[in-house]
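Here's work.cif, which has mmCIF, C-alpha atoms:
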data_protein
loop_
_atom_site.label_atom_id
_atom_site.label_comp_id
_atom_site.auth_asym_id
_atom_site.auth_seq_id
_atom_site.Cartn_x
_atom_site.Cartn_y
_atom_site.Cartn_z
CA MET A 249 0.00 0.00 0.00
CA LYS A 250 1.06 3.62 -0.50
CA VAL A 251 2.67 5.58 2.31
CA GLY A 252 0.35 7.56 4.60
CA ASN A 253 -3.34 7.01 5.26
CA VAL A 254 -4.80 4.05 3.39
CA SER A 255 -7.14 5.13 0.59
CA GLN A 256 -10.84 5.60 1.26
CA THR A 257 -11.55 2.64 -1.00
CA VAL A 258 -9.28 0.33 1.01
CA LEU A 259 -10.66 1.62 4.31
CA LYS A 260 -14.24 0.97 3.23
CA ARG A 261 -13.49 -2.41 1.65
CA SER A 262 -11.16 -3.97 4.21
CA VAL A 263 -12.07 -2.22 7.46
CA LEU A 264 -15.49 -0.58 7.66
CA LYS A 265 -17.34 -3.40 5.90
CA GLN A 266 -16.31 -5.75 8.72
CA LEU A 267 -17.53 -3.53 11.56
CA HIS A 268 -21.20 -4.24 12.25
CA THR A 269 -21.64 -4.00 16.02
CA LYS A 270 -23.79 -0.98 16.95
CA ARG A 271 -24.90 0.62 20.20
CA LYS A 272 -27.65 3.18 20.64
CA GLU A 273 -25.39 5.36 22.82
CA ILE A 274 -23.07 6.04 19.87
CA LEU A 275 -24.16 9.30 18.21
CA THR A 276 -21.73 9.46 15.28
CA ASP A 277 -21.74 7.21 12.25
CA LEU A 278 -18.66 5.15 11.42
CA SER A 279 -17.31 6.63 8.18
CA VAL A 280 -14.11 7.54 6.37
CA GLU A 281 -14.84 11.25 6.82
CA GLU A 282 -15.73 11.42 10.53
CA MET A 283 -12.80 12.21 12.84
CA CYS A 284 -14.57 11.93 16.23
CA THR A 285 -16.74 9.55 18.25
CA ALA A 286 -19.61 10.91 20.36
CA VAL A 287 -21.23 8.89 23.14
CA GLN A 288 -24.45 9.70 24.99
CA ILE A 289 -23.75 9.50 28.73
CA ARG A 290 -26.16 11.89 30.46
CA ASP A 291 -29.48 13.51 29.66
CA THR A 292 -27.84 16.93 29.28
CA GLU A 293 -24.38 16.15 27.86
CA ASP A 294 -22.63 13.84 25.44
CA VAL A 295 -18.98 12.77 25.52
CA VAL A 296 -16.82 13.09 22.40
CA PHE A 297 -13.46 11.41 21.72
CA ALA A 298 -10.82 12.02 19.05
CA SER A 299 -7.40 10.49 18.52
CA ALA A 300 -4.23 11.32 16.62
CA VAL A 301 -0.83 9.73 16.00
CA VAL A 302 2.25 11.71 14.97
CA SER A 303 5.78 10.43 14.40
CA GLY A 304 9.15 12.10 13.87
CA ASN A 305 12.37 13.16 15.59
CA SER A 306 11.29 16.61 16.77
CA LYS A 307 10.47 17.46 20.39
CA ASN A 308 7.25 19.06 19.09
CA ILE A 309 5.55 16.00 17.60
CA GLY A 310 3.45 15.56 20.76
CA VAL A 311 2.20 19.13 20.43
CA TYR A 312 1.01 18.42 16.87
CA ALA A 313 -0.74 15.23 18.02
CA ILE A 314 -2.52 17.11 20.82
CA MET A 315 -3.42 19.92 18.46
CA ARG A 316 -4.96 17.53 15.94
CA ALA A 317 -6.99 15.54 18.47
CA VAL A 318 -8.20 18.55 20.46
CA LEU A 319 -9.13 20.67 17.46
CA ASP A 320 -10.98 17.74 15.89
CA LEU A 321 -13.10 17.73 19.06
CA GLU A 322 -13.64 21.47 18.94
CA THR A 323 -14.81 21.32 15.32
CA ARG A 324 -17.60 18.98 16.45
CA GLY A 325 -18.90 21.54 18.91
CA ALA A 326 -17.33 19.85 21.94
CA SER A 327 -15.13 21.42 24.59
CA ALA A 328 -11.98 19.41 25.25
CA ILE A 329 -11.33 18.45 28.88
CA GLY A 330 -8.25 16.25 28.85
CA VAL A 331 -5.87 14.19 26.76
CA SER A 332 -4.27 10.79 27.25
CA VAL A 333 -0.73 10.55 25.85
CA GLN A 334 1.28 7.46 24.87
CA VAL A 335 4.90 7.94 23.70
CA ILE A 336 7.00 5.24 22.04
CA LEU A 337 10.69 6.07 21.66
CA PRO A 338 13.46 4.29 19.73
CA THR A 339 15.93 2.47 21.95
CA TYR A 340 18.69 5.02 21.30
CA ALA A 341 16.62 7.90 22.76
CA TYR A 342 17.74 9.63 25.96
CA GLU A 343 15.52 10.57 28.89
CA SER A 344 16.18 14.23 28.11
CA ARG A 345 14.23 13.87 24.85
CA LEU A 346 11.22 12.42 26.67
CA LYS A 347 11.35 15.18 29.29
CA GLU A 348 11.43 17.91 26.66
CA MET A 349 8.57 16.34 24.68
CA PHE A 350 6.29 16.34 27.73
CA ARG A 351 7.36 19.87 28.67
CA CYS A 352 6.20 21.08 25.25
CA MET A 353 2.93 19.14 25.49
CA GLU A 354 2.15 20.44 28.98
CA GLU A 355 2.88 24.00 27.86
CA ARG A 356 0.35 23.72 25.02
CA CYS A 357 -2.29 22.04 27.20
CA ALA A 358 -1.89 24.67 29.93
CA SER A 359 -2.43 27.49 27.42
CA TRP A 360 -5.73 25.86 26.43
CA GLY A 361 -6.87 24.89 29.92
CA ILE A 362 -6.71 21.16 29.14
CA ALA A 363 -5.25 18.46 31.40
CA ILE A 364 -2.97 15.58 30.46
CA THR A 365 -4.96 12.87 32.23
CA CYS A 366 -2.71 9.90 31.47
CA ALA A 367 0.94 9.79 30.40
CA LYS A 368 2.74 6.62 29.32
CA ALA A 369 6.14 6.14 27.69
CA GLU A 370 8.19 3.21 26.47
CA THR A 371 11.12 2.43 24.21
CA SER A 372 10.85 -0.15 21.47
CA PRO A 373 13.20 -1.65 18.88
CA ALA A 374 10.20 -1.73 16.53
CA VAL A 375 10.38 2.04 15.88
CA SER A 376 13.15 4.16 14.37
CA GLN A 377 11.45 7.48 15.24
CA SER A 378 9.43 8.74 18.19
CA VAL A 379 5.70 8.03 17.97
CA VAL A 380 3.09 9.94 20.00
CA SER A 381 -0.49 8.72 20.26
CA VAL A 382 -3.07 11.07 21.80
CA THR A 383 -6.71 10.53 22.70
CA ALA A 384 -8.67 13.67 23.58
CA ALA A 385 -11.95 13.64 25.50
CA GLY A 386 -14.51 16.40 25.77
CA SER A 387 -18.18 17.13 26.28
CA VAL A 388 -20.91 18.80 24.28
CA GLU A 389 -24.41 19.88 25.29
CA LYS A 390 -27.09 17.53 24.06
CA GLY A 391 -28.27 18.53 20.61
CA GLN A 392 -25.21 20.73 19.96
CA LEU A 393 -22.99 18.09 18.30
CA ARG A 394 -21.91 19.34 14.87
CA THR A 395 -21.14 16.82 12.16
CA LEU A 396 -20.16 17.34 8.53
CA ALA A 397 -23.56 16.04 7.45
CA GLN A 398 -25.14 19.23 8.81
CA ALA A 399 -23.63 21.34 6.02
CA GLU A 400 -26.27 22.33 3.47
CA PRO A 401 -26.29 23.54 -0.15
CA ASN A 402 -25.98 27.27 -0.85
CA GLN A 403 -23.88 27.97 2.23
CA GLU A 404 -20.44 29.57 2.19
CA ILE A 405 -17.12 27.79 2.75
CA VAL A 406 -14.60 29.69 4.90
CA LEU A 407 -10.94 28.83 5.51
CA CYS A 408 -9.59 29.66 8.98
CA GLY A 409 -5.79 29.80 8.97
CA SER A 410 -3.39 29.11 6.11
CA ILE A 411 -2.64 25.77 4.51
CA ALA A 412 0.47 23.56 4.85
CA ALA A 413 1.64 25.34 8.01
CA GLU A 414 1.84 22.20 10.17
CA GLY A 415 3.58 20.15 7.50
CA VAL A 416 6.17 22.83 6.76
CA LEU A 417 6.90 23.38 10.46
CA ARG A 418 7.46 19.65 10.95
CA ILE A 419 9.88 19.60 8.00
CA PHE A 420 11.58 22.69 9.46
CA ASP A 421 12.00 20.91 12.81
CA GLU A 422 13.59 17.91 11.12
CA LYS A 423 15.76 19.70 8.53
CA ARG A 424 16.67 23.01 10.11
CA GLU A 425 20.38 22.65 9.35
CA GLU A 426 19.79 21.69 5.72
CA LEU A 427 17.31 24.53 5.20
CA SER A 428 19.72 27.04 6.76
CA LYS A 429 22.09 26.35 3.86
CA ARG A 430 19.34 27.25 1.38
CA PHE A 431 17.64 30.20 3.09
CA VAL A 432 19.03 33.33 4.79
CA PRO A 433 18.69 33.67 8.61
CA ALA A 434 15.89 36.25 8.33
CA PHE A 435 13.82 33.88 6.21
CA MET A 436 14.51 31.02 8.66
CA GLY A 437 13.05 33.21 11.40
CA GLN A 438 9.98 33.83 9.28
CA ILE A 439 9.50 30.07 8.86
CA GLN A 440 9.59 29.71 12.65
CA GLY A 441 6.96 32.46 12.83
CA ILE A 442 4.48 30.26 10.96
CA GLU A 443 3.63 28.78 14.38
CA SER A 444 1.30 31.74 14.95
CA GLU A 445 -0.92 30.46 12.14
CA LEU A 446 -1.79 27.40 14.24
CA GLU A 447 -3.25 29.35 17.17
CA VAL A 448 -6.93 28.96 16.28
CA PHE A 449 -8.15 27.24 19.47
CA HIS A 450 -9.68 30.33 21.05
CA ALA A 451 -11.09 31.50 17.71
CA LEU A 452 -12.93 28.17 17.35
CA ARG A 453 -14.30 28.49 20.86
CA SER A 454 -15.65 31.95 20.11
CA VAL A 455 -17.35 31.22 16.76
CA LYS A 456 -19.16 28.18 18.18
CA GLN A 457 -21.17 30.59 20.31
CA GLU A 458 -22.14 32.89 17.43
CA ASN A 459 -25.65 32.92 15.95
CA THR A 460 -27.23 34.61 12.93
CA PRO A 461 -29.84 37.38 13.42
CA LYS A 462 -32.46 34.60 13.08
CA GLY A 463 -30.96 32.75 16.05
CA GLU A 464 -29.44 29.94 13.99
CA PRO A 465 -25.81 28.82 14.54
CA LEU A 466 -23.49 30.88 12.37
CA VAL A 467 -21.32 27.82 11.64
CA THR A 468 -23.08 24.66 10.45
CA ALA A 469 -20.06 22.34 10.01
CA MET A 470 -16.28 22.36 10.49
CA GLN A 471 -13.41 20.13 9.39
CA GLN A 472 -9.77 20.45 10.45
CA ILE A 473 -7.40 19.94 7.53
CA GLY A 474 -5.72 16.56 7.96
CA SER A 475 -3.89 13.99 5.89
CA GLY A 476 -4.03 14.84 2.20
CA GLY A 477 -4.29 18.57 2.81
CA ILE A 478 -7.05 21.00 1.98
CA LEU A 479 -8.03 19.13 -1.18
CA ALA A 480 -8.69 15.93 0.79
CA SER A 481 -10.59 17.86 3.47
CA LEU A 482 -12.82 19.53 0.88
CA TRP A 483 -13.57 16.08 -0.53
CA GLU A 484 -14.40 14.71 2.94
CA LEU A 485 -16.63 17.67 3.74
CA THR A 486 -18.68 17.52 0.56
CA GLU A 487 -18.95 13.72 0.55
CA ALA A 488 -20.15 13.59 4.16
CA ALA A 489 -22.70 16.37 3.60
CA ASN A 490 -23.81 15.00 0.21
CA VAL A 491 -23.27 18.39 -1.44
CA GLY A 492 -21.11 19.83 -4.19
CA MET A 493 -18.97 22.94 -4.09
CA GLN A 494 -17.52 25.75 -6.12
CA ILE A 495 -14.42 27.47 -4.75
CA GLU A 496 -11.79 29.86 -6.10
CA MET A 497 -8.21 28.56 -5.76
CA SER A 498 -6.68 32.01 -5.36
CA ARG A 499 -8.64 32.58 -2.15
CA ILE A 500 -6.87 29.73 -0.35
CA SER A 501 -4.44 31.37 2.05
CA ILE A 502 -0.84 30.11 2.09
CA ARG A 503 2.23 31.85 3.45
CA GLN A 504 5.14 32.49 1.11
CA GLU A 505 7.46 30.66 3.50
CA CYS A 506 5.37 27.51 3.02
CA VAL A 507 5.50 27.93 -0.75
CA GLU A 508 9.31 28.26 -0.69
CA VAL A 509 9.90 25.20 1.50
CA CYS A 510 7.47 23.09 -0.54
CA GLU A 511 9.15 24.15 -3.78
CA TYR A 512 12.57 23.26 -2.35
CA TYR A 513 11.40 19.70 -1.64
CA HIS A 514 9.08 19.49 -4.68
CA LEU A 515 5.94 19.10 -2.54
CA ASN A 516 2.35 20.14 -3.23
CA PRO A 517 1.15 22.31 -0.29
CA TYR A 518 -2.49 21.74 -1.25
CA GLN A 519 -2.02 18.06 -0.40
CA MET A 520 -0.11 18.57 2.85
CA THR A 521 -1.43 18.04 6.38
CA SER A 522 -2.27 21.23 8.22
CA ALA A 523 -3.49 20.77 11.80
CA GLY A 524 -4.64 24.11 13.15
CA THR A 525 -6.24 25.08 9.84
CA VAL A 526 -10.01 24.60 9.62
CA LEU A 527 -12.65 24.57 6.90
CA MET A 528 -15.99 26.01 8.02
CA VAL A 529 -19.41 26.00 6.39
CA THR A 530 -21.53 28.99 7.33
CA ARG A 531 -24.77 30.82 6.63
CA ASP A 532 -22.90 34.15 6.43
CA GLY A 533 -19.30 34.07 5.24
CA ASN A 534 -18.50 37.74 5.77
CA ALA A 535 -19.86 37.70 9.32
CA LEU A 536 -17.82 34.61 10.14
CA VAL A 537 -14.63 36.09 8.68
CA ARG A 538 -15.12 39.23 10.81
CA CYS A 539 -15.64 37.12 13.92
CA LEU A 540 -12.52 35.04 13.28
CA GLU A 541 -10.37 38.07 12.51
CA GLU A 542 -11.55 39.76 15.72
CA SER A 543 -10.31 36.64 17.55
CA GLY A 544 -6.89 37.04 15.91
CA ALA A 545 -7.23 34.33 13.25
CA ARG A 546 -6.70 34.62 9.50
CA ALA A 547 -9.85 33.84 7.48
CA SER A 548 -11.24 34.05 3.94
CA VAL A 549 -14.36 32.97 2.03
CA LEU A 550 -13.39 30.30 -0.52
CA GLY A 551 -16.73 29.71 -2.22
CA VAL A 552 -20.07 27.96 -1.72
CA THR A 553 -21.64 24.54 -1.31
CA THR A 554 -24.00 23.49 -4.11
CA ALA A 555 -27.01 21.21 -4.47
CA ASP A 556 -25.37 19.02 -7.13
CA HIS A 557 -22.39 16.74 -6.47
CA ALA A 558 -19.89 18.54 -8.72
CA LYS A 559 -16.76 19.60 -6.84
CA VAL A 560 -15.60 22.58 -8.87
CA ILE A 561 -12.36 24.51 -8.36
CA THR A 562 -11.82 27.66 -10.41
CA SER A 563 -8.56 29.50 -10.95
CA GLY A 564 -9.39 32.61 -12.92
CA ASP A 565 -10.89 31.35 -16.18
CA GLU A 566 -9.65 27.79 -15.63
CA VAL A 567 -12.14 25.25 -14.28
CA ARG A 568 -11.29 21.82 -12.92
CA TYR A 569 -12.90 19.19 -10.71
CA LEU A 570 -11.64 17.95 -7.37
CA ASP A 571 -10.02 14.51 -7.48
CA ARG A 572 -10.25 11.83 -4.83
CA PRO A 573 -7.82 12.35 -1.91
CA ALA A 574 -4.16 11.68 -2.70
CA PRO A 575 -1.48 10.49 -0.22
CA ASP A 576 -0.27 13.22 2.10
CA GLU A 577 2.79 15.12 0.89
CA LEU A 578 4.46 15.11 4.30
CA MET A 579 4.29 11.31 4.35
CA ARG A 580 5.73 11.23 0.83
CA TRP A 581 8.55 13.49 2.04
CA TRP A 582 9.27 11.12 4.93
CA GLU A 583 9.37 8.21 2.51
CA GLU A 584 11.88 10.03 0.31
CA GLN A 585 14.08 10.85 3.33
CA ALA A 586 14.09 7.19 4.35
CA GLN A 587 15.08 6.14 0.83
CA LYS A 588 17.95 8.66 0.84
CA GLU A 589 19.26 7.21 4.10
CA VAL A 590 19.17 3.69 2.67
CA ARG A 591 21.06 4.78 -0.47
CA SER A 592 23.71 6.55 1.61
CA GLU A 593 24.48 3.43 3.68
#
Represent the supplied structure as structure tokens.
Amino acid sequence: MKVGNVSQTVLKRSVLKQLHTKRKEILTDLSVEEMCTAVQIRDTEDVVFASAVVSGNSKNIGVYAIMRAVLDLETRGASAIGVSVQVILPTYAYESRLKEMFRCMEERCASWGIAITCAKAETSPAVSQSVVSVTAAGSVEKGQLRTLAQAEPNQEIVLCGSIAAEGVLRIFDEKREELSKRFVPAFMGQIQGIESELEVFHALRSVKQENTPKGEPLVTAMQQIGSGGILASLWELTEAANVGMQIEMSRISIRQECVEVCEYYHLNPYQMTSAGTVLMVTRDGNALVRCLEESGARASVLGVTTADHAKVITSGDEVRYLDRPAPDELMRWWEEQAQKEVRSE
């Protein structure tokens, strides 16, 4: 199989088709698009879970795993309470690496008011890089769970944040020395500054409370950009909601630093993971953009959902249709790095 997430076809054929056990307490459907699981526990609240796994050599990989799991919860209308963390280290790792990884994770959780409820760590000869697995738990008021299926035709699609930021930062963490030979120090500092693009937690919390003048929720559905980048997330959103779309490519926000790093490694930023960047479907795009910008986040209206199933992307006069999700570019980059190491031995 190809590197990265298995294809939707494989997941449906070899995994989901075998899973038939159901319980009435489970509020979310098992699907390739859904990132969270919601469970009815009380009459007034439901519990929502989300998980994420991130691997690499950087001290920050745990932060990215927490970010992905927690923000997946937040996009479903839930408020994250705590995270459980499992770290697997290669046998050559020192305790100092583990200590620094948990320091970074605790710092991020503290800034969001979220507790690390369980922390486990082990070394294993089965891994050559550190692996962090995170499960986030949160609660949502009954009836307030937001799934992708709630998006409707003739609503606007808004992008919060800029694409490829997570992927580029993870490459930067791994290849800082190599990149410093290609880019001047000032530009290296600008790459580090991309971290600010990922600070959307409080913006998400604020927009979930916003209503239209008619009293309806301003945001009807949200999807954090995951494996396969914004193109994969647009596919997941429209497939889950059974709608089409029409968006303008030039409205997709991407920082020049991300463009430069992706060009250096011959990567497509539109197919690169980007935790901390969120697609939103709304009844009023301009009102949502204003709300997000007031919360300190970058935002832009990309286009609209449509009643047909056509997934249209325009770029000036050029018109094309969205393809099925491709393997994530960060995973492809990792594969290429591994192949280089093998050839150099």
Applying the PyMOL selection byres ((chain A and resi 293) around 10) to the file I just gave you, which residues come out? Please list them as a list in words.
Val287, Gln288, Ile289, Arg290, Asp291, Thr292, Asp294, Val295, Val296, Ala326, Ser387, Val388, Glu389, Lys390, Gly391, Gln392 and Leu393 of chain A
Pick out the residues sitting within 12 Å of A:Met470, and hand them over as a compact mmCIF listing (two decimals) with C-alpha atoms, in the frame of the given file; count only C-alpha atoms, and ignore anything fewer than 2 positions along from it in its own chain.
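New file out_1.txt:
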# COMPACT_ATOMS: atom_id res chain seq x y z
CA GLU A 281 -14.84 11.25 6.82
CA GLU A 282 -15.73 11.42 10.53
CA MET A 283 -12.80 12.21 12.84
CA LEU A 319 -9.13 20.67 17.46
CA ASP A 320 -10.98 17.74 15.89
CA LEU A 321 -13.10 17.73 19.06
CA GLU A 322 -13.64 21.47 18.94
CA THR A 323 -14.81 21.32 15.32
CA ARG A 324 -17.60 18.98 16.45
CA GLY A 325 -18.90 21.54 18.91
CA ALA A 326 -17.33 19.85 21.94
CA LEU A 393 -22.99 18.09 18.30
CA ARG A 394 -21.91 19.34 14.87
CA THR A 395 -21.14 16.82 12.16
CA LEU A 396 -20.16 17.34 8.53
CA ALA A 397 -23.56 16.04 7.45
CA GLN A 398 -25.14 19.23 8.81
CA ALA A 399 -23.63 21.34 6.02
CA GLU A 404 -20.44 29.57 2.19
CA ILE A 405 -17.12 27.79 2.75
CA VAL A 406 -14.60 29.69 4.90
CA LEU A 407 -10.94 28.83 5.51
CA CYS A 408 -9.59 29.66 8.98
CA LEU A 452 -12.93 28.17 17.35
CA VAL A 455 -17.35 31.22 16.76
CA LYS A 456 -19.16 28.18 18.18
CA LEU A 466 -23.49 30.88 12.37
CA VAL A 467 -21.32 27.82 11.64
CA THR A 468 -23.08 24.66 10.45
CA GLN A 472 -9.77 20.45 10.45
CA ILE A 473 -7.40 19.94 7.53
CA SER A 481 -10.59 17.86 3.47
CA LEU A 482 -12.82 19.53 0.88
CA GLU A 484 -14.40 14.71 2.94
CA LEU A 485 -16.63 17.67 3.74
CA THR A 486 -18.68 17.52 0.56
CA ALA A 488 -20.15 13.59 4.16
CA ALA A 489 -22.70 16.37 3.60
CA THR A 525 -6.24 25.08 9.84
CA VAL A 526 -10.01 24.60 9.62
CA LEU A 527 -12.65 24.57 6.90
CA MET A 528 -15.99 26.01 8.02
CA VAL A 529 -19.41 26.00 6.39
CA THR A 530 -21.53 28.99 7.33
Suppose you want the space between atom CA of A:Met353 and atom CA of A:Gly437; what is it in Å?
22.3 Å
Care to translate the PyMOL selection byres ((chain A and resi 412) around 9) into actual residues of this file, as number ranges by chain?
A: 410-411, 413-417, 477-478, 502-503, 506-507, 510, 516-523, 525
Just how far from atom CA of A:Phe435 is atom CA of A:Glu508, in Å to one decimal?
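These two atoms are separated by 10.0 Å.
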Could you tell me how far atom CA of A:Ser548 sits from atom CA of A:Ile419, in Å to one decimal place?
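Those two atoms sit 25.9 Å apart.
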Do you know which residues are at most 10 Å from A:Ser381 counting all atoms listed in the file, after dropping those on the same chain fewer than 6 positions away, and could you put them as a ChimeraX atom specification?
/A:299-303,309-310,313-314,317,332-336,368
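Nearest to A:Glu355 of all the residues A:Val432, A:Val380, A:Val311, A:Ala480 is A:Val311, counting only C-alpha atoms.
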Contact residues around A:Phe420 with all atoms listed in the file at 12 Å, ignoring same-chain residues under 2 positions, as an NGL selection string:
:A and (304-306 or 308 or 413-418 or 422-428 or 431 or 435-443 or 505-506 or 508-510 or 512-513 or 578)
Counting only C-alpha atoms, figure out which residue out of A:Thr562, A:Gln266, A:Ser378, A:Thr553 gets nearest to A:Ser498.
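Using only C-alpha atoms, A:Ser498 sits closest to A:Thr562.
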Nearest to A:Leu446 among A:Gly361, A:Gly492, A:Gly409, A:Gly551, with distances taken over all atoms listed in the file: which residue is it?
A:Gly409
Please write as a ChimeraX atom specification the full residue list that the PyMOL selection byres ((chain A and resi 373) around 7) yields on this file.
/A:338-339,372,374-375
Can you work out which one of A:Lys272, A:Lys307, A:Arg568, A:Arg591 has the shortest atom-to-atom distance to A:Met493, counting all atoms listed in the file?
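Comparing A:Lys272, A:Lys307, A:Arg568, A:Arg591 against A:Met493, the winner is A:Arg568.
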Which one is closest to A:Glu496: A:Ser563, A:Asn459, A:Ser475, A:Asn534? Count all atoms listed in the file.
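Among the listed residues, A:Ser563 lies closest to A:Glu496.
With distances restricted to all atoms listed in the file, A:Lys559 is the closest residue to A:Leu479 from A:Lys559, A:Arg430, A:His268, A:Lys588.
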